[in-house]
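Enquirer: Hey, dropping final-v1.txt in here, compact mmCIF, C-alpha atoms and all ligand atoms:
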# COMPACT_ATOMS: atom_id res chain seq x y z
CA MET A 10 -0.92 -7.50 -23.79
CA GLY A 11 1.34 -4.44 -23.96
CA LYS A 12 4.53 -3.99 -21.96
CA GLN A 13 3.80 -2.98 -18.37
CA GLU A 14 5.87 -0.27 -16.76
CA LEU A 15 7.05 -0.83 -13.19
CA LYS A 16 6.28 2.47 -11.46
CA TRP A 17 6.46 1.73 -7.76
CA MET A 18 7.89 -0.97 -5.55
CA ALA A 19 8.06 -1.68 -1.85
CA TRP A 20 11.12 -3.52 -0.63
CA GLU A 21 11.25 -5.26 2.75
CA LEU A 22 14.88 -4.75 3.71
CA THR A 23 14.44 -6.60 6.96
CA SER A 24 11.66 -8.55 8.56
CA GLN A 25 12.86 -7.48 12.01
CA CYS A 26 10.60 -5.05 13.77
CA ASN A 27 10.40 -3.28 17.10
CA MET A 28 6.60 -3.57 17.15
CA ALA A 29 4.10 -6.43 16.69
CA CYS A 30 1.05 -4.93 15.02
CA VAL A 31 -2.04 -7.14 14.88
CA HIS A 32 -2.65 -6.59 11.18
CA CYS A 33 0.99 -6.71 10.04
CA ARG A 34 1.35 -8.20 6.57
CA SER A 35 4.70 -9.78 7.39
CA SER A 36 4.01 -10.88 10.99
CA SER A 37 7.32 -9.20 11.87
CA GLU A 38 8.78 -9.02 15.33
CA ALA A 39 12.06 -8.47 17.13
CA GLU A 40 13.37 -12.04 16.57
CA SER A 41 12.54 -12.14 12.86
CA PRO A 42 15.57 -12.59 10.59
CA VAL A 43 17.10 -9.62 8.79
CA GLY A 44 16.81 -11.49 5.48
CA ALA A 45 18.90 -12.16 2.41
CA PHE A 46 19.82 -8.65 1.30
CA SER A 47 23.37 -7.81 2.26
CA ALA A 48 24.40 -4.36 1.01
CA SER A 49 26.05 -5.98 -2.03
CA ASN A 50 22.97 -8.10 -2.82
CA ALA A 51 20.87 -4.98 -2.49
CA GLU A 52 23.15 -3.13 -4.92
CA LYS A 53 22.90 -5.93 -7.46
CA LEU A 54 19.10 -5.80 -7.26
CA LEU A 55 19.09 -2.03 -7.75
CA ASP A 56 21.27 -2.49 -10.85
CA ASP A 57 18.84 -5.10 -12.21
CA ILE A 58 15.86 -2.86 -11.58
CA ALA A 59 17.58 0.02 -13.37
CA LEU A 60 17.70 -2.16 -16.50
CA ILE A 61 13.89 -2.25 -16.71
CA ALA A 62 12.53 0.86 -14.97
CA LYS A 63 13.04 3.87 -12.74
CA PRO A 64 10.36 3.27 -10.10
CA VAL A 65 9.65 4.88 -6.77
CA VAL A 66 11.40 2.55 -4.29
CA VAL A 67 9.91 2.39 -0.80
CA LEU A 68 12.35 0.91 1.71
CA SER A 69 10.29 -0.92 4.29
CA GLY A 70 10.28 -3.75 6.78
CA GLY A 71 9.78 -4.80 9.49
CA GLU A 72 11.40 -1.58 10.60
CA PRO A 73 14.05 -0.50 8.07
CA LEU A 74 15.77 1.78 10.59
CA LEU A 75 16.92 -1.35 12.43
CA ARG A 76 19.43 -1.89 9.60
CA GLY A 77 22.79 -0.22 10.06
CA ASP A 78 23.33 0.03 6.30
CA LEU A 79 19.89 1.42 5.47
CA PHE A 80 21.13 4.83 4.39
CA GLN A 81 23.93 3.31 2.32
CA ILE A 82 21.31 1.31 0.37
CA ALA A 83 19.05 4.36 0.07
CA ALA A 84 21.93 6.38 -1.37
CA MET A 85 22.63 3.61 -3.91
CA GLY A 86 19.04 3.93 -5.12
CA THR A 87 19.25 7.71 -5.27
CA SER A 88 22.45 7.56 -7.31
CA ARG A 89 20.70 5.30 -9.85
CA GLY A 90 17.94 7.85 -10.35
CA PHE A 91 15.20 6.13 -8.34
CA ARG A 92 12.83 8.23 -6.25
CA MET A 93 13.55 6.85 -2.79
CA ALA A 94 11.04 6.65 0.03
CA MET A 95 10.98 4.93 3.41
CA ALA A 96 8.25 3.49 5.64
CA THR A 97 8.88 3.66 9.38
CA ASN A 98 6.92 3.30 12.60
CA GLY A 99 8.71 6.40 13.92
CA LEU A 100 10.14 4.87 17.11
CA LEU A 101 13.78 5.32 16.10
CA VAL A 102 13.48 8.74 14.47
CA ASP A 103 15.64 11.48 15.96
CA ASP A 104 17.56 14.51 14.67
CA GLU A 105 20.46 12.41 13.44
CA VAL A 106 18.17 10.01 11.56
CA CYS A 107 16.50 13.04 9.92
CA ARG A 108 19.86 14.35 8.74
CA LYS A 109 20.76 10.93 7.32
CA ILE A 110 17.39 10.69 5.56
CA LYS A 111 18.15 13.93 3.74
CA ASP A 112 21.78 13.04 2.99
CA ALA A 113 20.75 9.70 1.47
CA GLY A 114 18.27 11.42 -0.83
CA ILE A 115 15.16 9.86 0.71
CA ASN A 116 12.46 12.23 -0.44
CA ILE A 117 9.44 11.10 1.47
CA ILE A 118 8.56 9.04 4.54
CA SER A 119 5.43 7.13 5.34
CA MET A 120 4.23 6.41 8.85
CA SER A 121 1.20 4.62 10.21
CA LEU A 122 -1.35 6.24 12.46
CA ASP A 123 -4.46 4.21 13.16
CA ALA A 124 -6.36 6.45 15.54
CA ASP A 125 -6.39 9.94 16.93
CA ASN A 126 -5.57 8.80 20.46
CA PRO A 127 -2.88 6.66 22.10
CA ASN A 128 -5.24 4.08 23.59
CA VAL A 129 -6.63 2.84 20.30
CA HIS A 130 -3.43 3.28 18.26
CA ASP A 131 -1.14 1.58 20.80
CA ASN A 132 -3.59 -1.28 21.23
CA PHE A 133 -3.78 -1.73 17.46
CA ARG A 134 0.00 -1.61 17.14
CA GLY A 135 0.67 -3.84 20.13
CA GLN A 136 3.14 -1.30 21.46
CA PRO A 137 2.68 1.19 24.29
CA GLY A 138 4.22 4.51 23.22
CA ALA A 139 3.64 3.91 19.49
CA PHE A 140 1.27 6.88 19.17
CA GLU A 141 3.71 9.22 20.89
CA ALA A 142 6.51 7.97 18.63
CA VAL A 143 4.52 8.98 15.53
CA MET A 144 3.72 12.40 17.00
CA LYS A 145 7.36 12.98 17.91
CA ALA A 146 8.63 11.80 14.52
CA ALA A 147 6.10 14.02 12.73
CA GLY A 148 7.44 17.03 14.66
CA LEU A 149 11.02 16.12 13.75
CA PHE A 150 10.14 15.67 10.06
CA GLN A 151 8.53 19.10 10.04
CA LYS A 152 11.55 20.62 11.78
CA HIS A 153 13.89 19.10 9.17
CA ASP A 154 11.58 19.86 6.26
CA ILE A 155 11.06 16.18 5.38
CA LYS A 156 7.78 15.37 3.67
CA PHE A 157 5.70 12.58 5.16
CA ILE A 158 2.54 10.64 4.43
CA ILE A 159 0.25 9.11 7.01
CA ASN A 160 -1.19 5.65 6.32
CA SER A 161 -4.11 4.66 8.50
CA SER A 162 -5.40 1.08 8.70
CA PHE A 163 -8.91 0.36 9.86
CA THR A 164 -10.88 -2.65 11.06
CA ARG A 165 -14.12 -2.77 13.06
CA ARG A 166 -11.98 -2.05 16.10
CA ASN A 167 -11.05 1.49 15.07
CA GLN A 168 -13.43 2.36 12.22
CA SER A 169 -15.21 4.89 14.44
CA ARG A 170 -11.99 6.96 14.50
CA ILE A 171 -11.63 7.42 10.74
CA THR A 172 -12.67 11.08 10.50
CA GLN A 173 -10.67 12.11 13.54
CA THR A 174 -7.55 10.26 12.32
CA TYR A 175 -7.75 12.09 9.00
CA GLN A 176 -8.06 15.41 10.83
CA LEU A 177 -5.12 14.64 13.11
CA SER A 178 -2.95 13.60 10.14
CA LYS A 179 -3.57 17.02 8.62
CA LYS A 180 -2.87 18.77 11.88
CA ILE A 181 0.53 17.14 12.38
CA GLY A 182 1.66 18.24 8.90
CA ALA A 183 1.31 15.16 6.66
CA ILE A 184 1.27 16.01 2.96
CA ALA A 185 -1.04 13.07 2.25
CA TRP A 186 -3.41 10.80 4.14
CA TYR A 187 -4.03 7.30 2.85
CA MET A 188 -6.91 5.37 4.36
CA PHE A 189 -6.54 1.61 4.22
CA LEU A 190 -9.32 -0.83 5.05
CA ILE A 191 -7.49 -3.99 6.06
CA VAL A 192 -6.93 -6.81 3.58
CA PRO A 193 -6.91 -10.18 5.38
CA THR A 194 -3.38 -11.54 5.01
CA GLY A 195 -0.34 -12.30 7.20
CA ARG A 196 -1.20 -11.72 10.84
CA ALA A 197 -4.49 -10.14 9.71
CA GLU A 198 -5.83 -13.61 8.85
CA GLY A 199 -6.58 -13.98 12.55
CA ILE A 200 -8.74 -10.88 12.51
CA MET A 201 -11.17 -11.86 9.73
CA ASP A 202 -14.01 -11.22 12.18
CA GLU A 203 -12.77 -7.71 12.68
CA LEU A 204 -13.03 -6.79 9.02
CA ILE A 205 -15.32 -3.88 8.27
CA SER A 206 -18.63 -5.08 6.81
CA LYS A 207 -19.33 -4.73 3.11
CA GLU A 208 -22.10 -2.20 3.83
CA ASP A 209 -19.93 -0.04 6.09
CA TYR A 210 -17.13 -0.33 3.55
CA GLU A 211 -19.32 1.30 0.91
CA ASP A 212 -20.47 4.02 3.36
CA ILE A 213 -16.88 4.80 4.33
CA LEU A 214 -15.85 5.12 0.69
CA GLU A 215 -18.79 7.46 0.08
CA TRP A 216 -17.69 9.54 3.08
CA HIS A 217 -14.20 9.64 1.56
CA TYR A 218 -15.60 10.83 -1.75
CA ARG A 219 -17.29 13.83 -0.08
CA MET A 220 -14.21 14.57 2.02
CA GLU A 221 -11.87 14.35 -0.98
CA ARG A 222 -14.08 16.74 -2.95
CA GLU A 223 -13.75 19.31 -0.15
CA GLU A 224 -10.11 18.72 0.80
CA GLY A 225 -7.85 21.33 -0.77
CA GLU A 226 -4.74 21.16 1.42
CA ILE A 227 -3.45 17.61 1.59
CA LEU A 228 -3.76 14.67 -0.76
CA VAL A 229 -6.14 11.96 0.32
CA ARG A 230 -6.62 8.52 -1.12
CA PRO A 231 -8.12 5.27 0.01
CA THR A 232 -5.40 2.67 -0.49
CA CYS A 233 -6.35 -0.68 -1.89
CA ALA A 234 -10.04 0.09 -2.08
CA PRO A 235 -10.23 -0.28 -5.84
CA GLN A 236 -14.00 0.11 -5.94
CA TYR A 237 -13.45 3.70 -4.83
CA TYR A 238 -12.58 4.36 -8.47
CA ARG A 239 -16.04 3.10 -9.39
CA ILE A 240 -17.63 5.35 -6.76
CA TRP A 241 -15.51 8.34 -7.77
CA ASN A 242 -16.31 7.96 -11.46
CA SER A 243 -20.02 7.31 -11.09
CA LYS A 244 -20.60 10.05 -8.49
CA SER A 245 -18.55 12.61 -10.43
CA LYS A 246 -20.60 11.81 -13.50
CA SER A 247 -23.97 12.05 -11.75
CA GLU A 248 -22.92 15.32 -10.09
CA GLY A 249 -21.55 16.75 -13.34
CA LEU A 250 -18.06 17.17 -11.81
CA ASP A 251 -14.62 16.65 -13.34
CA ALA A 252 -13.44 13.10 -12.51
CA LYS A 253 -9.75 14.12 -12.62
CA ARG A 254 -7.96 13.76 -9.27
CA ARG A 255 -4.82 15.33 -7.90
CA ALA A 256 -1.81 13.00 -7.75
CA LEU A 257 1.32 12.75 -5.65
CA SER A 258 4.61 12.08 -7.45
CA PHE A 259 5.36 9.32 -4.92
CA SER A 260 2.05 7.53 -5.26
CA THR A 261 1.63 4.26 -7.06
CA GLY A 262 0.81 5.67 -10.47
CA GLY A 263 -2.96 6.09 -10.04
CA GLY A 264 -5.35 5.63 -12.89
CA LYS A 265 -6.71 2.31 -11.69
CA GLY A 266 -7.83 0.80 -8.40
CA CYS A 267 -5.84 -2.42 -8.10
CA ILE A 268 -2.49 -2.24 -9.83
CA ALA A 269 -0.89 -5.27 -8.17
CA GLY A 270 1.59 -6.81 -10.59
CA GLN A 271 0.51 -4.26 -13.21
CA SER A 272 2.57 -1.24 -12.20
CA ILE A 273 3.69 -2.16 -8.68
CA LEU A 274 5.35 -5.04 -6.88
CA PHE A 275 6.66 -6.00 -3.48
CA ILE A 276 9.93 -7.79 -2.69
CA ASN A 277 10.27 -9.45 0.70
CA SER A 278 13.42 -9.83 2.77
CA MET A 279 14.20 -13.22 1.18
CA GLY A 280 13.93 -11.91 -2.38
CA GLU A 281 10.46 -13.29 -3.13
CA VAL A 282 8.55 -11.04 -5.51
CA TYR A 283 4.83 -10.46 -4.92
CA PRO A 284 2.22 -8.44 -6.82
CA CYS A 285 1.79 -6.21 -3.74
CA SER A 286 2.48 -6.29 -0.02
CA TYR A 287 -0.78 -8.07 0.81
CA PHE A 288 -0.71 -10.75 -1.87
CA PRO A 289 0.74 -14.01 -0.51
CA ILE A 290 1.62 -15.74 -3.81
CA SER A 291 5.16 -15.30 -5.10
CA ALA A 292 5.87 -14.56 -8.75
CA GLY A 293 9.51 -15.65 -8.40
CA ASN A 294 12.69 -14.93 -6.44
CA VAL A 295 15.33 -12.37 -7.40
CA PHE A 296 18.11 -14.72 -6.26
CA LYS A 297 16.99 -17.28 -8.87
CA GLN A 298 15.77 -15.10 -11.74
CA SER A 299 16.29 -11.49 -12.76
CA ILE A 300 13.66 -9.01 -11.68
CA GLY A 301 13.12 -8.16 -15.36
CA GLU A 302 12.35 -11.76 -16.21
CA ILE A 303 9.92 -12.08 -13.29
CA TRP A 304 8.21 -8.77 -14.10
CA GLU A 305 7.78 -9.55 -17.76
CA SER A 306 7.02 -13.25 -17.83
CA SER A 307 5.78 -14.68 -14.55
CA GLU A 308 2.47 -16.46 -14.97
CA LEU A 309 1.00 -14.72 -11.94
CA PHE A 310 1.75 -11.23 -13.24
CA ARG A 311 0.46 -12.15 -16.68
CA ASP A 312 -2.80 -13.43 -15.15
CA LEU A 313 -3.32 -10.23 -13.18
CA ARG A 314 -2.81 -8.13 -16.31
CA ASP A 315 -5.33 -10.09 -18.33
CA PHE A 316 -8.70 -8.67 -17.27
CA LYS A 317 -10.53 -11.07 -19.58
CA ARG A 318 -9.65 -13.82 -17.13
CA TYR A 319 -11.32 -12.11 -14.13
CA GLY A 320 -14.38 -13.95 -12.85
CA GLY A 321 -17.78 -13.27 -11.27
CA LYS A 322 -19.04 -9.72 -11.06
CA CYS A 323 -15.61 -8.22 -11.78
CA GLY A 324 -15.41 -10.09 -15.08
CA LYS A 325 -18.69 -8.50 -16.17
CA SER A 326 -18.16 -5.09 -14.61
CA ARG A 327 -17.97 -1.95 -16.72
CA TYR A 328 -15.49 -0.70 -14.09
CA ILE A 329 -12.97 -3.48 -14.58
CA GLY A 330 -10.54 -1.10 -16.32
CA VAL A 331 -10.62 1.51 -13.53
CA CYS A 332 -11.16 -0.76 -10.53
CA GLY A 333 -10.37 -4.44 -11.09
CA GLY A 334 -11.25 -5.45 -7.53
CA CYS A 335 -8.70 -6.31 -4.85
CA ARG A 336 -7.06 -9.50 -6.09
CA ALA A 337 -5.52 -10.22 -2.66
CA ARG A 338 -8.95 -10.06 -1.01
CA SER A 339 -10.41 -12.37 -3.66
CA TYR A 340 -7.62 -14.81 -2.94
CA ALA A 341 -7.92 -14.53 0.86
CA VAL A 342 -11.68 -14.98 0.93
CA GLN A 343 -12.32 -17.22 -2.09
CA GLY A 344 -8.98 -18.91 -2.69
CA ASP A 345 -8.83 -17.63 -6.28
CA TYR A 346 -7.12 -14.38 -7.14
CA LEU A 347 -9.10 -14.07 -10.37
CA ALA A 348 -12.48 -14.46 -8.59
CA GLU A 349 -14.75 -11.49 -7.93
CA GLU A 350 -13.85 -8.97 -5.24
CA PRO A 351 -15.81 -10.00 -2.13
CA PHE A 352 -16.09 -6.48 -0.66
CA CYS A 353 -17.86 -4.75 -3.52
CA SER A 354 -21.59 -3.99 -3.41
CA TYR A 355 -21.87 -3.14 -7.08
CA ILE A 356 -23.91 -5.49 -9.29
CA PRO A 357 -23.08 -5.02 -12.95
CA GLU A 358 -26.06 -4.82 -15.32
CA ALA A 359 -24.76 -7.74 -17.37
CA TYR A 360 -24.40 -9.78 -14.18
CA SER A 361 -27.95 -9.26 -12.86
CA PHE A 362 -29.21 -10.08 -16.35
CA SER A 363 -27.28 -13.33 -16.42
CA ILE A 364 -28.54 -14.29 -12.93
CA ASP A 365 -32.18 -13.53 -13.75
CA PHE A 366 -32.21 -15.74 -16.79
S1 LIG B 1 -4.36 -6.80 -4.56
FE1 LIG B 1 -4.52 -4.70 -5.33
S2 LIG B 1 -6.08 -3.66 -4.12
FE2 LIG B 1 -5.52 -5.57 -3.08
S3 LIG B 1 -4.02 -5.04 -1.54
FE3 LIG B 1 -2.90 -5.59 -3.41
S4 LIG B 1 -2.63 -3.72 -4.65
FE4 LIG B 1 -4.16 -3.35 -3.03
S1 LIG B 2 -17.53 -5.67 -9.57
FE1 LIG B 2 -15.27 -5.83 -9.39
S2 LIG B 2 -14.45 -4.50 -11.03
FE2 LIG B 2 -16.62 -3.94 -10.72
S3 LIG B 2 -16.61 -2.26 -9.25
FE3 LIG B 2 -16.86 -4.15 -8.06
S4 LIG B 2 -14.79 -4.77 -7.48
FE4 LIG B 2 -14.62 -3.28 -9.13
Translate the structure of the given file into structure tokens.
Expert:
Amino acid sequence: MGKQELKWMAWELTSQCNMACVHCRSSSEAESPVGAFSASNAEKLLDDIALIAKPVVVLSGGEPLLRGDLFQIAAMGTSRGFRMAMATNGLLVDDEVCRKIKDAGINIISMSLDADNPNVHDNFRGQPGAFEAVMKAAGLFQKHDIKFIINSSFTRRNQSRITQTYQLSKKIGAIAWYMFLIVPTGRAEGIMDELISKEDYEDILEWHYRMEREEGEILVRPTCAPQYYRIWNSKSKSEGLDAKRRALSFSTGGGKGCIAGQSILFINSMGEVYPCSYFPISAGNVFKQSIGEIWESSELFRDLRDFKRYGGKCGKSRYIGVCGGCRARSYAVQGDYLAEEPFCSYIPEAYSFSIDF
């Protein structure tokens, strides 16, 4: 196995949040602890990361704007040459926050918008006024010339609003729209029944393929739907179209569907390192081991990089190198992160052959 480059990381600077979204990965709320990263601990981690890579660093939470020293930490990352980004729910954004975002060198913001109307979005987010907060923040980001991305999460509850949410994201000035079909983890475990069916999942990804082919203004990408890479490649081929896609310099590196532990990682507020934000198994803790040591030699990361170890349909799939299946979903549904992706309709030729005989 060759050396893997860390290209993108999300860092939960606090688990405190001013919302209580039903599908939140970290089950954050107002009483959650800030976590273990004092400004000096944060600086030490940034120094350690600089020894192995220069990734995009997404400051997240909880709600990172609840931290008084957020912009100090962001500036530390900027001064070390990292491309800094921040994820916010928008509630605390005002003119002063916008000025601080720019001063600290944060280049891009991501916000969540899960419907095109306040009723569905606020219900999903467990917070009246959440929709208006995103609209207001989007206006402020445009006024201050701050780029932002919209992430939209869907379950059965709001899947009928997908097209309209994409259109609204464009209208409010997002430079990219990322559609995310919920992975059951954290608080989302309780909404297993709300997960979009496997059949609808495939239809939605096919809709996205058509939309992406026609979309020339903003960047669009289904997040953590690795089988989209299978759909994109096979449809492009059958339609005789170029399979190359546009990329955003702040995206996770592209090239492959699931890149958990391969070119991305997530660090929670206690220093635990995970393959991605939705993967509940820790690869180590930065207060016990260096991030370089965890990245290069943790057993979990090594497993995820070794496609020969993947099981079921994924193990026999010709798309394993471009897709790989969502390892967090395999773990959530089957208890084994190397098992086949449970939300993929594709049946590899080699697999049907081995079942028939
Ligand atoms: S395991 Fe991969 S596809 Fe699944 S949520 Fe994590 S990064 Fe996304
Ligand atoms: S079988 Fe696995 S690797 Fe193949 S397309 Fe489906 S999820 Fe991806």
Enquirer: Quick one: pull the distance between CA of Ser247 (chain A) and CA of Arg222 (chain A), Å, one decimal.
Expert: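 Spanning CA of Ser247 (chain A) to CA of Arg222 (chain A) is a straight-line distance of 14.0 Å.
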Enquirer: Which is closest to ligand LIG 2 (chain B) among A:Tyr346, A:Phe310, A:Phe288, A:Tyr238, if we use only C-alpha atoms and all ligand atoms?
Expert: A:Tyr238
Enquirer: Kindly assemble as JSON lines a list of the chain A residues that lie within 7 Å of ligand LIG 2 (chain B), each paired with its nearest atom pair and their distance in Å to one decimal, using all atoms listed in the file, sorted first by chain and then by ascending residue number.
Expert:
{"residue": "A:Pro235", "atom": "CA", "partner": "B:LIG2", "partner_atom": "FE4", "distance": 6.3}
{"residue": "A:Gln236", "atom": "CA", "partner": "B:LIG2", "partner_atom": "FE4", "distance": 4.7}
{"residue": "A:Arg239", "atom": "CA", "partner": "B:LIG2", "partner_atom": "S3", "distance": 5.4}
{"residue": "A:Lys322", "atom": "CA", "partner": "B:LIG2", "partner_atom": "S1", "distance": 4.6}
{"residue": "A:Cys323", "atom": "CA", "partner": "B:LIG2", "partner_atom": "FE1", "distance": 3.4}
{"residue": "A:Gly324", "atom": "CA", "partner": "B:LIG2", "partner_atom": "S2", "distance": 7.0}
{"residue": "A:Ser326", "atom": "CA", "partner": "B:LIG2", "partner_atom": "FE2", "distance": 4.3}
{"residue": "A:Arg327", "atom": "CA", "partner": "B:LIG2", "partner_atom": "FE2", "distance": 6.5}
{"residue": "A:Tyr328", "atom": "CA", "partner": "B:LIG2", "partner_atom": "FE2", "distance": 4.8}
{"residue": "A:Ile329", "atom": "CA", "partner": "B:LIG2", "partner_atom": "S2", "distance": 4.0}
{"residue": "A:Cys332", "atom": "CA", "partner": "B:LIG2", "partner_atom": "FE4", "distance": 4.5}
{"residue": "A:Gly333", "atom": "CA", "partner": "B:LIG2", "partner_atom": "S2", "distance": 4.1}
{"residue": "A:Gly334", "atom": "CA", "partner": "B:LIG2", "partner_atom": "S4", "distance": 3.6}
{"residue": "A:Cys335", "atom": "CA", "partner": "B:LIG2", "partner_atom": "S4", "distance": 6.8}
{"residue": "A:Glu349", "atom": "CA", "partner": "B:LIG2", "partner_atom": "FE1", "distance": 5.9}
{"residue": "A:Glu350", "atom": "CA", "partner": "B:LIG2", "partner_atom": "S4", "distance": 4.9}
{"residue": "A:Cys353", "atom": "CA", "partner": "B:LIG2", "partner_atom": "FE3", "distance": 4.7}
{"residue": "A:Ser354", "atom": "CA", "partner": "B:LIG2", "partner_atom": "FE3", "distance": 6.6}
{"residue": "A:Tyr355", "atom": "CA", "partner": "B:LIG2", "partner_atom": "FE3", "distance": 5.2}
{"residue": "A:Ile356", "atom": "CA", "partner": "B:LIG2", "partner_atom": "S1", "distance": 6.4}
{"residue": "A:Pro357", "atom": "CA", "partner": "B:LIG2", "partner_atom": "S1", "distance": 6.5}
Enquirer: Please indicate the distance in Å from CA of Leu190 (chain A) to CA of Leu74 (chain A), rounded to one decimal place.
Expert: 25.8 Å
Enquirer: Can you work out which residues are within 8 Å of ligand LIG 1 (chain B), considering all atoms listed in the file, and then hand them over as a PyMOL selection string?
Expert: chain A and resi 192+232-235+266-270+273+284-288+334-338
Enquirer: Could you tell me how far CA of Ile213 (chain A) lies from CA of Leu68 (chain A), in Å and to one decimal?
Expert: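 Separation of CA of Ile213 (chain A) and CA of Leu68 (chain A): 29.6 Å.
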Enquirer: For Val331 (chain A), which residue out of A:Arg134, A:Arg166, A:Arg108, A:Lys265 is the nearest one, using all atoms listed in the file?
Expert: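 Distance minimum relative to Val331 (chain A) lands on A:Lys265.
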Enquirer: Nearest residue to Lys152 (chain A) out of A:Cys107, A:Lys180, A:Leu54, A:Ile205, using all atoms listed in the file?
Expert: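 Among the listed residues, A:Cys107 lies closest to Lys152 (chain A).
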Enquirer: Using 5 Å of padding on each side, determine the axis-aligned box around all atoms of region 235-247 of chain A present in the file and give its centre and edge lengths in Å to one decimal, as AutoDock Vina command-line options.
Expert:
--center_x -17.1 --center_y 6.2 --center_z -9.2 --size_x 23.7 --size_y 22.9 --size_z 18.7
